[in-house]
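data.pdb, holding PDB, C-alpha atoms:
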MODEL        1
ATOM      1  CA  MET A   1     -34.629  23.182  -0.528
ATOM      2  CA  SER A   2     -30.998  22.352  -0.541
ATOM      3  CA  ILE A   3     -29.578  19.087  -1.778
ATOM      4  CA  GLN A   4     -28.793  18.108   1.779
ATOM      5  CA  GLU A   5     -32.342  18.736   2.931
ATOM      6  CA  ARG A   6     -33.571  16.362   0.258
ATOM      7  CA  GLY A   7     -31.324  13.717   1.739
ATOM      8  CA  ALA A   8     -28.962  13.348  -1.177
ATOM      9  CA  SER A   9     -25.432  12.545  -0.223
ATOM     10  CA  VAL A  10     -23.045  15.308  -1.032
ATOM     11  CA  PRO A  11     -19.382  14.538  -1.460
ATOM     12  CA  SER A  12     -17.650  16.602   1.151
ATOM     13  CA  ALA A  13     -14.048  17.344   1.855
ATOM     14  CA  SER A  14     -14.829  16.962   5.542
ATOM     15  CA  VAL A  15     -15.733  13.259   5.408
ATOM     16  CA  SER A  16     -13.696  11.741   8.185
ATOM     17  CA  ARG A  17     -11.176   9.002   7.589
ATOM     18  CA  CYS A  18     -10.382   6.130   9.865
ATOM     19  CA  PHE A  19      -6.975   4.607  10.479
ATOM     20  CA  LEU A  20      -5.674   1.630  12.402
ATOM     21  CA  ILE A  21      -2.681   2.747  14.438
ATOM     22  CA  VAL A  22       0.051   0.142  14.838
ATOM     23  CA  THR A  23       3.641   0.102  15.976
ATOM     24  CA  ILE A  24       6.518  -1.400  14.075
ATOM     25  CA  SER A  25       9.790  -1.276  16.002
ATOM     26  CA  GLY A  26       8.601   1.571  18.155
ATOM     27  CA  ARG A  27       7.331   3.679  15.265
ATOM     28  CA  TYR A  28       3.684   4.581  14.954
ATOM     29  CA  LEU A  29       2.207   3.754  11.590
ATOM     30  CA  ALA A  30      -1.327   4.260  10.324
ATOM     31  CA  LEU A  31      -3.220   1.977   7.982
ATOM     32  CA  GLU A  32      -6.450   3.125   6.380
ATOM     33  CA  VAL A  33      -9.153   0.904   7.862
ATOM     34  CA  GLY A  34     -10.618   0.306   4.411
ATOM     35  CA  SER A  35      -7.537  -1.661   3.462
ATOM     36  CA  VAL A  36      -7.474  -3.725   6.673
ATOM     37  CA  GLU A  37      -9.252  -7.072   6.440
ATOM     38  CA  ALA A  38      -8.348  -8.495   9.828
ATOM     39  CA  VAL A  39      -5.984  -8.273  12.732
ATOM     40  CA  LEU A  40      -4.949 -11.571  14.224
ATOM     41  CA  THR A  41      -2.545 -12.748  16.866
ATOM     42  CA  ILE A  42       0.148 -15.222  15.965
ATOM     43  CA  LYS A  43      -1.693 -17.831  18.090
ATOM     44  CA  GLU A  44      -4.933 -17.226  16.241
ATOM     45  CA  LEU A  45      -3.182 -17.692  12.933
ATOM     46  CA  GLU A  46      -1.479 -20.875  14.049
ATOM     47  CA  SER A  47      -4.622 -22.392  15.507
ATOM     48  CA  ASN A  48      -6.961 -21.363  12.709
ATOM     49  CA  GLU A  49      -8.481 -24.295  10.886
ATOM     50  CA  ASP A  50      -8.734 -22.427   7.626
ATOM     51  CA  PRO A  51      -5.558 -23.388   5.738
ATOM     52  CA  THR A  52      -5.728 -20.143   3.788
ATOM     53  CA  ILE A  53      -5.561 -18.157   7.003
ATOM     54  CA  ARG A  54      -2.937 -20.450   8.523
ATOM     55  CA  GLY A  55      -0.775 -20.050   5.468
ATOM     56  CA  VAL A  56      -0.852 -16.300   5.862
ATOM     57  CA  LEU A  57       1.675 -16.506   8.675
ATOM     58  CA  ASP A  58       4.330 -17.994   6.413
ATOM     59  CA  ARG A  59       3.855 -15.242   3.876
ATOM     60  CA  THR A  60       3.649 -12.407   6.372
ATOM     61  CA  ILE A  61       6.421  -9.919   6.168
ATOM     62  CA  SER A  62       7.777  -7.476   8.636
ATOM     63  CA  LEU A  63       8.252  -4.007   7.193
ATOM     64  CA  VAL A  64      11.034  -3.490   9.679
ATOM     65  CA  MET A  65      13.808  -3.885   7.145
ATOM     66  CA  GLN A  66      12.067  -1.805   4.502
ATOM     67  CA  LEU A  67      11.610   0.991   7.016
ATOM     68  CA  GLY A  68      15.257   0.978   7.973
ATOM     69  CA  ASN A  69      15.058  -0.737  11.334
ATOM     70  CA  PHE A  70      16.403  -4.101  12.301
ATOM     71  CA  ASP A  71      14.385  -5.304  15.278
ATOM     72  CA  SER A  72      12.243  -8.004  13.687
ATOM     73  CA  GLN A  73      11.713 -10.208  16.741
ATOM     74  CA  ILE A  74       8.287 -11.662  17.437
ATOM     75  CA  TYR A  75       6.907 -10.498  20.810
ATOM     76  CA  PRO A  76       3.760 -11.605  22.689
ATOM     77  CA  ALA A  77       1.925  -8.523  21.412
ATOM     78  CA  THR A  78       2.936  -9.202  17.826
ATOM     79  CA  ARG A  79      -0.084  -9.147  15.507
ATOM     80  CA  VAL A  80      -0.570  -9.875  11.870
ATOM     81  CA  VAL A  81      -2.563  -7.345   9.883
ATOM     82  CA  LEU A  82      -4.245  -8.735   6.805
ATOM     83  CA  LEU A  83      -4.484  -6.115   4.078
ATOM     84  CA  ALA A  84      -6.324  -5.882   0.797
ATOM     85  CA  ASP A  85      -6.162  -3.130  -1.769
ATOM     86  CA  GLN A  86      -7.360  -3.151  -5.361
ATOM     87  CA  GLY A  87      -7.782  -6.920  -5.338
ATOM     88  CA  ILE A  88      -4.332  -7.632  -3.973
ATOM     89  CA  ARG A  89      -3.879  -9.189  -0.560
ATOM     90  CA  GLY A  90      -1.022  -9.416   1.818
ATOM     91  CA  SER A  91      -0.149  -9.292   5.461
ATOM     92  CA  ILE A  92       2.330  -7.543   7.682
ATOM     93  CA  ARG A  93       3.623  -8.248  11.146
ATOM     94  CA  VAL A  94       3.328  -5.395  13.625
ATOM     95  CA  SER A  95       4.697  -5.044  17.146
ATOM     96  CA  ASP A  96       1.499  -3.694  18.607
ATOM     97  CA  VAL A  97      -1.965  -2.445  17.696
ATOM     98  CA  HIS A  98      -3.157   0.704  19.439
ATOM     99  CA  GLY A  99      -6.654   1.014  18.061
ATOM    100  CA  THR A 100      -8.440   3.069  15.466
ATOM    101  CA  LEU A 101      -8.373   6.788  14.975
ATOM    102  CA  GLU A 102     -10.929   8.904  13.142
ATOM    103  CA  ILE A 103      -9.723  12.203  11.779
ATOM    104  CA  GLN A 104     -10.709  14.856   9.293
ATOM    105  CA  PRO A 105      -8.734  14.938   6.021
ATOM    106  CA  SER A 106      -7.444  18.369   7.034
ATOM    107  CA  GLN A 107      -5.649  16.722   9.951
ATOM    108  CA  ILE A 108      -3.490  14.685   7.592
ATOM    109  CA  LEU A 109      -0.155  16.416   7.163
ATOM    110  CA  PRO A 110       1.799  15.998   3.943
ATOM    111  CA  LEU A 111       5.219  14.411   4.047
ATOM    112  CA  PRO A 112       7.702  17.324   4.152
ATOM    113  CA  ALA A 113       9.007  18.057   0.661
ATOM    114  CA  GLN A 114      12.587  17.540   1.819
ATOM    115  CA  PHE A 115      11.852  13.812   1.817
ATOM    116  CA  SER A 116      12.612  13.238  -1.829
ATOM    117  CA  GLY A 117      13.462   9.553  -2.090
ATOM    118  CA  ALA A 118      11.506   6.330  -2.420
ATOM    119  CA  GLU A 119       9.750   7.084   0.857
ATOM    120  CA  ARG A 120       7.392   9.385  -1.004
ATOM    121  CA  HIS A 121       5.829   6.165  -2.328
ATOM    122  CA  TRP A 122       5.807   4.535   1.109
ATOM    123  CA  TYR A 123       3.740   7.132   2.923
ATOM    124  CA  ARG A 124       0.537   9.014   2.224
ATOM    125  CA  GLY A 125       1.078  11.575   4.898
ATOM    126  CA  MET A 126       1.388  11.953   8.635
ATOM    127  CA  ILE A 127      -0.982  12.189  11.578
ATOM    128  CA  LEU A 128      -0.244  13.847  14.896
ATOM    129  CA  PHE A 129      -0.666  11.020  17.371
ATOM    130  CA  GLU A 130      -0.239  11.396  21.121
ATOM    131  CA  ASN A 131       3.074  13.225  21.536
ATOM    132  CA  SER A 132       4.443  11.720  18.367
ATOM    133  CA  ILE A 133       3.350  11.161  14.792
ATOM    134  CA  ALA A 134       2.027   8.210  12.855
ATOM    135  CA  MET A 135       3.125   7.793   9.271
ATOM    136  CA  ILE A 136       0.262   6.766   6.990
ATOM    137  CA  LEU A 137       1.394   3.731   5.048
ATOM    138  CA  ASN A 138       0.544   3.495   1.375
ATOM    139  CA  PRO A 139      -1.191   0.098   1.095
ATOM    140  CA  THR A 140      -0.117  -0.186  -2.534
ATOM    141  CA  TRP A 141       3.517  -0.075  -1.488
ATOM    142  CA  VAL A 142       2.935  -2.439   1.430
ATOM    143  CA  LEU A 143       1.248  -4.925  -0.849
ATOM    144  CA  GLU A 144       4.007  -4.588  -3.424
ATOM    145  CA  ALA A 145       6.372  -5.539  -0.620
ATOM    146  CA  THR A 146       4.190  -8.508   0.268
ATOM    147  CA  SER A 147       3.356  -9.395  -3.326
ATOM    148  CA  GLY A 148       4.316 -13.011  -2.779
ATOM    149  CA  ALA A 149       1.593 -13.297  -0.200
ATOM    150  CA  ALA A 150      -1.316 -12.588  -2.492
ATOM    151  CA  THR A 151      -3.971 -15.265  -2.049
ATOM    152  CA  GLY A 152      -6.633 -14.061  -4.437
ATOM    153  CA  GLN A 153      -9.325 -14.887  -1.892
ATOM    154  CA  GLU A 154     -12.289 -12.563  -1.909
ATOM    155  CA  GLY A 155     -12.734 -10.624   1.273
ATOM    156  CA  GLY A 156     -15.692 -10.499   3.581
ATOM    157  CA  THR A 157     -16.314  -8.556   6.714
ATOM    158  CA  PRO A 158     -13.181  -7.314   8.415
ATOM    159  CA  ARG A 159     -12.339  -9.561  11.330
ATOM    160  CA  VAL A 160     -10.545  -7.964  14.195
ATOM    161  CA  SER A 161      -9.366 -10.209  16.957
ATOM    162  CA  GLY A 162      -9.345  -9.867  20.708
ATOM    163  CA  ASP A 163      -9.315  -6.450  22.214
ATOM    164  CA  VAL A 164      -8.406  -4.380  19.188
ATOM    165  CA  CYS A 165     -11.873  -2.926  18.723
ATOM    166  CA  ALA A 166     -12.114  -1.978  22.361
ATOM    167  CA  ILE A 167      -8.915  -0.021  22.444
ATOM    168  CA  ALA A 168      -9.465   3.693  22.329
ATOM    169  CA  THR A 169      -6.633   5.985  21.480
ATOM    170  CA  ARG A 170      -5.418   7.987  24.435
ATOM    171  CA  ASP A 171      -6.640  11.264  23.058
ATOM    172  CA  GLY A 172     -10.112   9.856  22.975
ATOM    173  CA  ARG A 173     -10.663   9.856  19.236
ATOM    174  CA  THR A 174     -11.938   6.473  18.181
ATOM    175  CA  CYS A 175     -14.065   5.088  15.434
TER     176      CYS A 175
ATOM    177  CA  MET B   1      10.957  43.792 -13.511
ATOM    178  CA  LEU B   2      12.286  46.210 -10.922
ATOM    179  CA  ARG B   3      16.020  46.727 -10.977
ATOM    180  CA  MET B   4      18.045  48.063  -8.134
ATOM    181  CA  GLY B   5      19.882  51.245  -9.042
ATOM    182  CA  GLU B   6      23.658  51.345  -9.070
ATOM    183  CA  ARG B   7      23.707  53.204  -5.798
ATOM    184  CA  GLY B   8      21.402  50.678  -4.152
ATOM    185  CA  ARG B   9      23.385  47.740  -5.483
ATOM    186  CA  ARG B  10      26.619  49.155  -4.174
ATOM    187  CA  HIS B  11      24.986  49.744  -0.820
ATOM    188  CA  THR B  12      23.764  46.140  -0.670
ATOM    189  CA  THR B  13      27.054  44.557  -1.569
ATOM    190  CA  ARG B  14      28.994  46.704   0.869
ATOM    191  CA  SER B  15      26.653  46.305   3.818
ATOM    192  CA  PRO B  16      27.909  44.193   6.687
ATOM    193  CA  ARG B  17      26.297  40.782   6.728
ATOM    194  CA  ASN B  18      25.076  38.949   9.807
ATOM    195  CA  PHE B  19      25.715  35.304  10.513
ATOM    196  CA  LEU B  20      24.981  32.869  13.283
ATOM    197  CA  VAL B  21      28.014  30.760  14.114
ATOM    198  CA  PHE B  22      27.365  27.393  15.701
ATOM    199  CA  SER B  23      29.211  24.134  16.018
ATOM    200  CA  VAL B  24      28.536  20.501  15.235
ATOM    201  CA  GLY B  25      30.927  17.934  16.640
ATOM    202  CA  GLY B  26      33.215  20.823  17.544
ATOM    203  CA  ARG B  27      33.367  22.090  13.956
ATOM    204  CA  ARG B  28      32.296  25.684  13.556
ATOM    205  CA  LEU B  29      29.863  26.591  10.823
ATOM    206  CA  ALA B  30      27.905  29.694   9.929
ATOM    207  CA  VAL B  31      24.478  30.375   8.571
ATOM    208  CA  LYS B  32      22.907  33.659   7.512
ATOM    209  CA  THR B  33      20.799  35.043  10.368
ATOM    210  CA  LEU B  34      17.987  35.682   7.906
ATOM    211  CA  GLU B  35      17.815  31.923   7.378
ATOM    212  CA  VAL B  36      17.508  31.139  11.091
ATOM    213  CA  ALA B  37      14.009  30.685  12.424
ATOM    214  CA  GLU B  38      14.628  29.597  16.002
ATOM    215  CA  ILE B  39      17.045  28.012  18.447
ATOM    216  CA  SER B  40      15.619  25.790  21.154
ATOM    217  CA  PRO B  41      16.615  22.801  23.272
ATOM    218  CA  TRP B  42      16.821  19.612  21.234
ATOM    219  CA  LYS B  43      13.993  17.129  21.739
ATOM    220  CA  PRO B  44      14.365  13.513  20.670
ATOM    221  CA  SER B  45      13.593  13.100  17.009
ATOM    222  CA  ILE B  46      11.118  10.609  15.585
ATOM    223  CA  PRO B  47      12.745   8.215  13.120
ATOM    224  CA  VAL B  48      11.024   7.898   9.769
ATOM    225  CA  GLY B  49      12.097   5.250   7.306
ATOM    226  CA  SER B  50      13.614   7.145   4.404
ATOM    227  CA  ARG B  51      15.967   6.866   1.464
ATOM    228  CA  THR B  52      16.775  10.586   1.360
ATOM    229  CA  PRO B  53      20.384  11.056   2.459
ATOM    230  CA  TYR B  54      20.677  12.552   5.947
ATOM    231  CA  ILE B  55      16.949  13.177   6.244
ATOM    232  CA  SER B  56      15.436  10.219   8.045
ATOM    233  CA  ALA B  57      13.696  11.708  11.062
ATOM    234  CA  VAL B  58      11.287  14.445  12.038
ATOM    235  CA  VAL B  59      10.658  16.459  15.163
ATOM    236  CA  ARG B  60       7.312  17.608  16.387
ATOM    237  CA  GLN B  61       7.049  21.203  17.517
ATOM    238  CA  ASP B  62       3.490  21.665  18.748
ATOM    239  CA  GLN B  63       1.323  21.082  15.682
ATOM    240  CA  ALA B  64       4.198  21.280  13.214
ATOM    241  CA  VAL B  65       6.268  18.344  12.025
ATOM    242  CA  LEU B  66       9.687  19.335  10.748
ATOM    243  CA  PRO B  67      12.245  17.222   8.904
ATOM    244  CA  VAL B  68      15.610  16.764  10.557
ATOM    245  CA  PHE B  69      18.749  17.265   8.532
ATOM    246  CA  ASP B  70      21.448  15.123  10.161
ATOM    247  CA  LEU B  71      24.346  17.515   9.683
ATOM    248  CA  ALA B  72      26.545  15.616  12.153
ATOM    249  CA  SER B  73      26.279  12.433  10.068
ATOM    250  CA  ALA B  74      26.907  14.381   6.872
ATOM    251  CA  LEU B  75      30.131  15.679   8.445
ATOM    252  CA  ARG B  76      30.931  12.272   9.991
ATOM    253  CA  LEU B  77      30.943  13.870  13.428
ATOM    254  CA  CYS B  78      28.994  13.426  16.632
ATOM    255  CA  VAL B  79      27.057  16.232  18.258
ATOM    256  CA  GLN B  80      28.818  17.295  21.461
ATOM    257  CA  GLY B  81      27.291  17.904  24.861
ATOM    258  CA  ASN B  82      24.516  16.462  26.969
ATOM    259  CA  ASN B  83      22.077  19.228  26.104
ATOM    260  CA  PRO B  84      22.292  19.750  22.351
ATOM    261  CA  LEU B  85      20.390  22.532  20.675
ATOM    262  CA  CYS B  86      17.843  22.544  17.875
ATOM    263  CA  LEU B  87      18.591  24.994  15.086
ATOM    264  CA  ARG B  88      15.473  25.634  13.014
ATOM    265  CA  ILE B  89      16.330  26.982   9.599
ATOM    266  CA  LYS B  90      14.296  28.416   6.754
ATOM    267  CA  HIS B  91      14.724  26.040   3.840
ATOM    268  CA  PRO B  92      13.043  26.946   0.541
ATOM    269  CA  LEU B  93      10.955  23.756   0.787
ATOM    270  CA  GLY B  94       9.902  24.513   4.355
ATOM    271  CA  ASP B  95      11.486  24.856   7.751
ATOM    272  CA  MET B  96      13.926  22.160   8.734
ATOM    273  CA  VAL B  97      15.874  21.497  11.936
ATOM    274  CA  MET B  98      19.406  20.399  12.752
ATOM    275  CA  CYS B  99      20.826  19.087  15.992
ATOM    276  CA  ILE B 100      23.859  21.157  16.969
ATOM    277  CA  ASP B 101      26.350  21.174  19.835
ATOM    278  CA  GLU B 102      25.226  22.550  23.170
ATOM    279  CA  GLU B 103      27.693  25.427  22.842
ATOM    280  CA  MET B 104      25.553  28.534  22.446
ATOM    281  CA  PRO B 105      25.677  29.937  18.890
ATOM    282  CA  VAL B 106      27.001  33.474  18.516
ATOM    283  CA  LEU B 107      26.203  36.266  16.113
ATOM    284  CA  HIS B 108      28.946  37.532  13.825
ATOM    285  CA  THR B 109      28.810  40.593  11.626
ATOM    286  CA  LEU B 110      31.170  40.521   8.709
ATOM    287  CA  GLU B 111      32.221  43.036   6.147
ATOM    288  CA  PRO B 112      31.663  41.689   2.628
ATOM    289  CA  ALA B 113      35.401  41.877   1.998
ATOM    290  CA  ALA B 114      35.934  39.244   4.690
ATOM    291  CA  ILE B 115      33.819  36.718   2.841
ATOM    292  CA  GLN B 116      35.567  34.409   0.418
ATOM    293  CA  ALA B 117      34.638  31.476  -1.775
ATOM    294  CA  TYR B 118      34.570  28.102  -0.045
ATOM    295  CA  ARG B 119      36.370  25.481  -2.069
ATOM    296  CA  GLY B 120      35.706  22.488   0.175
ATOM    297  CA  LYS B 121      33.366  19.806  -1.080
ATOM    298  CA  ASP B 122      32.532  18.284   2.285
ATOM    299  CA  ILE B 123      29.571  20.491   2.994
ATOM    300  CA  PRO B 124      27.062  22.542   0.989
ATOM    301  CA  ALA B 125      28.725  25.917   1.324
ATOM    302  CA  GLU B 126      29.718  28.407  -1.333
ATOM    303  CA  GLU B 127      31.228  31.022   0.950
ATOM    304  CA  SER B 128      33.374  31.077   4.051
ATOM    305  CA  TYR B 129      35.343  33.460   6.197
ATOM    306  CA  ALA B 130      38.558  33.254   8.115
ATOM    307  CA  ASN B 131      38.506  33.369  11.880
ATOM    308  CA  GLY B 132      42.092  33.148  13.030
ATOM    309  CA  LEU B 133      43.435  29.980  11.512
ATOM    310  CA  ASP B 134      39.939  28.551  11.081
ATOM    311  CA  GLU B 135      37.991  28.740   7.858
ATOM    312  CA  ILE B 136      34.321  28.821   8.756
ATOM    313  CA  PRO B 137      32.022  27.638   5.957
ATOM    314  CA  ILE B 138      28.769  29.525   5.474
ATOM    315  CA  LEU B 139      26.071  26.938   4.791
ATOM    316  CA  THR B 140      24.027  27.246   1.622
ATOM    317  CA  ILE B 141      20.741  26.221   3.189
ATOM    318  CA  SER B 142      18.931  25.620  -0.096
ATOM    319  CA  GLN B 143      21.430  22.874  -0.915
ATOM    320  CA  LEU B 144      21.002  20.938   2.309
ATOM    321  CA  GLY B 145      19.660  17.536   1.475
ATOM    322  CA  SER B 146      19.626  18.072  -2.264
ATOM    323  CA  CYS B 147      23.204  17.569  -3.345
ATOM    324  CA  MET B 148      24.925  15.601  -0.613
TER     325      MET B 148
ENDMDL
END
Here is a file; write its structure as structure tokens.
Amino acid sequence: MSIQERGASVPSASVSRCFLIVTISGRYLALEVGSVEAVLTIKELESNEDPTIRGVLDRTISLVMQLGNFDSQIYPATRVVLLADQGIRGSIRVSDVHGTLEIQPSQILPLPAQFSGAERHWYRGMILFENSIAMILNPTWVLEATSGAATGQEGGTPRVSGDVCAIATRDGRTC
Amino acid sequence: MLRMGERGRRHTTRSPRNFLVFSVGGRRLAVKTLEVAEISPWKPSIPVGSRTPYISAVVRQDQAVLPVFDLASALRLCVQGNNPLCLRIKHPLGDMVMCIDEEMPVLHTLEPAAIQAYRGKDIPAEESYANGLDEIPILTISQLGSCM
């Protein structure tokens, strides 16, 4: 009898990974779902009675400048993604949330070696997404950028607002 | 290690060499044909935040994602024409693309004696050749993006 037949879990290279696909200034970015605590609208943040949550808005950063773009306006679709990684918390403002995407590790493309600057710390790879690509953000870097926003609050179940969960990616791969 | 015999070496150095001559912002440049992978119509690139000089976008070609070397910016020029071309080159770190003028590149065959050292510092090129009054630099592909 094989290990699998006995029901033991076997670490496998084919374990799928799940990403939240967002847009910042027209660029698709992917955040590993494990590092996403919640996705909230600006209204939800402002009207939340929990002062810890309300305060998040003030400490939320836009990665627009760090990523070399300058459109940091807040639009109706603007969401705040609360992140946590290795005990550090922070939040980023994104233009739009497109849903979640489940892929096999083999579908993650490495950043081309010609990219030799600081961006190698920003990204963990790339995903083919629709007719474009989504860059996988390194949560460690994102949280370094939002280090002032650390609250130290322990996390619970990820809370995703509104219609985010219901959105399927256009190529039909959801998780 | 295998060593090429004297006869073979002489043959290699005296053989005509083939280049693809293209232009960026009206400036003519050459690249060894062996380092050219493909020429195709240019498709809009996808910006990627980056700190690497002149490499801050990628293009998607089917399932491949290729970095874009912004040669026009490196030369402080603008690509000419409404239908620019995509020159895919074989870089030692992996294929890379450049947006070039819409003027169709041409093949040139040169005798080794026509090739001279390029002394300019504006572009990664170690060799060039004279074409009338023009000096056409021959790009050193391996240096693109690494020393600019």
Picked residues, the PyMOL selection byres ((chain B) within 7 of (chain A)), as a ChimeraX atom specification
/B:49-52,55,60,67,93
Could you save the residues just selected, with C-alpha atoms, as a compact mmCIF listing (two decimals), in the coordinates of the input?
# COMPACT_ATOMS: atom_id res chain seq x y z
CA GLY B 49 12.10 5.25 7.31
CA SER B 50 13.61 7.14 4.40
CA ARG B 51 15.97 6.87 1.46
CA THR B 52 16.77 10.59 1.36
CA ILE B 55 16.95 13.18 6.24
CA ARG B 60 7.31 17.61 16.39
CA PRO B 67 12.24 17.22 8.90
CA LEU B 93 10.96 23.76 0.79
Can you tell me, as JSON, numbers by chain, what residues are no more than 8 Å from Thr140 of chain B when counting all atoms listed in the file, ignoring any on the same chain fewer than 5 positions away?
{"B": [31, 124, 125, 126]}
Evaluate the PyMOL selection byres ((chain B and resi 84) around 9) on the structure here and hand back the selected residues as a count of residues only.
15
If you apply the PyMOL selection byres ((chain B and resi 32) around 12) to this file, what residues do you get, as a compact mmCIF listing (two decimals) with C-alpha atoms, in the frame of the given file?
# COMPACT_ATOMS: atom_id res chain seq x y z
CA PRO B 16 27.91 44.19 6.69
CA ARG B 17 26.30 40.78 6.73
CA ASN B 18 25.08 38.95 9.81
CA PHE B 19 25.72 35.30 10.51
CA LEU B 20 24.98 32.87 13.28
CA VAL B 21 28.01 30.76 14.11
CA PHE B 22 27.36 27.39 15.70
CA LEU B 29 29.86 26.59 10.82
CA ALA B 30 27.90 29.69 9.93
CA VAL B 31 24.48 30.38 8.57
CA THR B 33 20.80 35.04 10.37
CA LEU B 34 17.99 35.68 7.91
CA GLU B 35 17.82 31.92 7.38
CA VAL B 36 17.51 31.14 11.09
CA ALA B 37 14.01 30.68 12.42
CA ILE B 89 16.33 26.98 9.60
CA LYS B 90 14.30 28.42 6.75
CA HIS B 91 14.72 26.04 3.84
CA VAL B 106 27.00 33.47 18.52
CA LEU B 107 26.20 36.27 16.11
CA HIS B 108 28.95 37.53 13.82
CA THR B 109 28.81 40.59 11.63
CA LEU B 110 31.17 40.52 8.71
CA ALA B 125 28.72 25.92 1.32
CA GLU B 127 31.23 31.02 0.95
CA SER B 128 33.37 31.08 4.05
CA PRO B 137 32.02 27.64 5.96
CA ILE B 138 28.77 29.52 5.47
CA LEU B 139 26.07 26.94 4.79
CA THR B 140 24.03 27.25 1.62
CA ILE B 141 20.74 26.22 3.19
CA SER B 142 18.93 25.62 -0.10
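Our summary of the geometry notes that atom CA of Ser15 of chain B is positioned 6.9 Å from atom CA of Glu111 of chain B.
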With only C-alpha atoms counted, which protein, DNA or RNA residues have an atom no more than 12 Å from (0.3, 0.6, -0.3) in the file frame? Please answer as a PDB file with C-alpha atoms, in the frame of the given file.
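Writing the result to out.pdb gives the following:
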ATOM      1  CA  ALA A  30      -1.327   4.260  10.324  1.00  0.00           C
ATOM      2  CA  LEU A  31      -3.220   1.977   7.982  1.00  0.00           C
ATOM      3  CA  GLU A  32      -6.450   3.125   6.380  1.00  0.00           C
ATOM      4  CA  GLY A  34     -10.618   0.306   4.411  1.00  0.00           C
ATOM      5  CA  SER A  35      -7.537  -1.661   3.462  1.00  0.00           C
ATOM      6  CA  VAL A  36      -7.474  -3.725   6.673  1.00  0.00           C
ATOM      7  CA  LEU A  63       8.252  -4.007   7.193  1.00  0.00           C
ATOM      8  CA  LEU A  83      -4.484  -6.115   4.078  1.00  0.00           C
ATOM      9  CA  ALA A  84      -6.324  -5.882   0.797  1.00  0.00           C
ATOM     10  CA  ASP A  85      -6.162  -3.130  -1.769  1.00  0.00           C
ATOM     11  CA  GLN A  86      -7.360  -3.151  -5.361  1.00  0.00           C
ATOM     12  CA  ILE A  88      -4.332  -7.632  -3.973  1.00  0.00           C
ATOM     13  CA  ARG A  89      -3.879  -9.189  -0.560  1.00  0.00           C
ATOM     14  CA  GLY A  90      -1.022  -9.416   1.818  1.00  0.00           C
ATOM     15  CA  SER A  91      -0.149  -9.292   5.461  1.00  0.00           C
ATOM     16  CA  ILE A  92       2.330  -7.543   7.682  1.00  0.00           C
ATOM     17  CA  GLU A 119       9.750   7.084   0.857  1.00  0.00           C
ATOM     18  CA  ARG A 120       7.392   9.385  -1.004  1.00  0.00           C
ATOM     19  CA  HIS A 121       5.829   6.165  -2.328  1.00  0.00           C
ATOM     20  CA  TRP A 122       5.807   4.535   1.109  1.00  0.00           C
ATOM     21  CA  TYR A 123       3.740   7.132   2.923  1.00  0.00           C
ATOM     22  CA  ARG A 124       0.537   9.014   2.224  1.00  0.00           C
ATOM     23  CA  ILE A 136       0.262   6.766   6.990  1.00  0.00           C
ATOM     24  CA  LEU A 137       1.394   3.731   5.048  1.00  0.00           C
ATOM     25  CA  ASN A 138       0.544   3.495   1.375  1.00  0.00           C
ATOM     26  CA  PRO A 139      -1.191   0.098   1.095  1.00  0.00           C
ATOM     27  CA  THR A 140      -0.117  -0.186  -2.534  1.00  0.00           C
ATOM     28  CA  TRP A 141       3.517  -0.075  -1.488  1.00  0.00           C
ATOM     29  CA  VAL A 142       2.935  -2.439   1.430  1.00  0.00           C
ATOM     30  CA  LEU A 143       1.248  -4.925  -0.849  1.00  0.00           C
ATOM     31  CA  GLU A 144       4.007  -4.588  -3.424  1.00  0.00           C
ATOM     32  CA  ALA A 145       6.372  -5.539  -0.620  1.00  0.00           C
ATOM     33  CA  THR A 146       4.190  -8.508   0.268  1.00  0.00           C
ATOM     34  CA  SER A 147       3.356  -9.395  -3.326  1.00  0.00           C
TER      35      SER A 147
END
Between A:Val33, A:Thr23, A:Gly87, A:Val39, which one has atoms that come closest to Ile103 of chain A, using only C-alpha atoms?
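Going through A:Val33, A:Thr23, A:Gly87, A:Val39 one by one, the smallest distance to Ile103 of chain A is for A:Val33.
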Mind giving me the straight-line distance from atom CA of Ile46 of chain B to atom CA of Ala38 of chain A in Å, one decimal?
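For atom CA of Ile46 of chain B relative to atom CA of Ala38 of chain A, the distance reads 27.9 Å.
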Length of the atom CA of Leu71 of chain B to atom CA of Gly94 of chain B vector [Å]
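Interatomic distance, atom CA of Leu71 of chain B to atom CA of Gly94 of chain B: 16.9 Å.
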Can you pull out the residues contacting Glu135 of chain B? Cut-off 9 Å, using all atoms listed in the file, and skip same-chain residues under 3 positions away; I want them as a VMD selection string.
chain B and resid 28 to 29 118 128 to 132
Extending 8 Å beyond the listed atoms of segment 116-119 of chain B on each side, what axis-aligned box results? I want centre and edge lengths in Å to one decimal, as JSON.
{"center_x": 35.5, "center_y": 29.9, "center_z": -0.8, "size_x": 17.8, "size_y": 24.9, "size_z": 18.5}
Rank nothing, just name the residue among B:Asp122, B:Asp70, B:Glu38, B:Asp134 nearest to Ala57 of chain B, using all atoms listed in the file.
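Looking at the shortest contact to Ala57 of chain B, the residue is B:Asp70.
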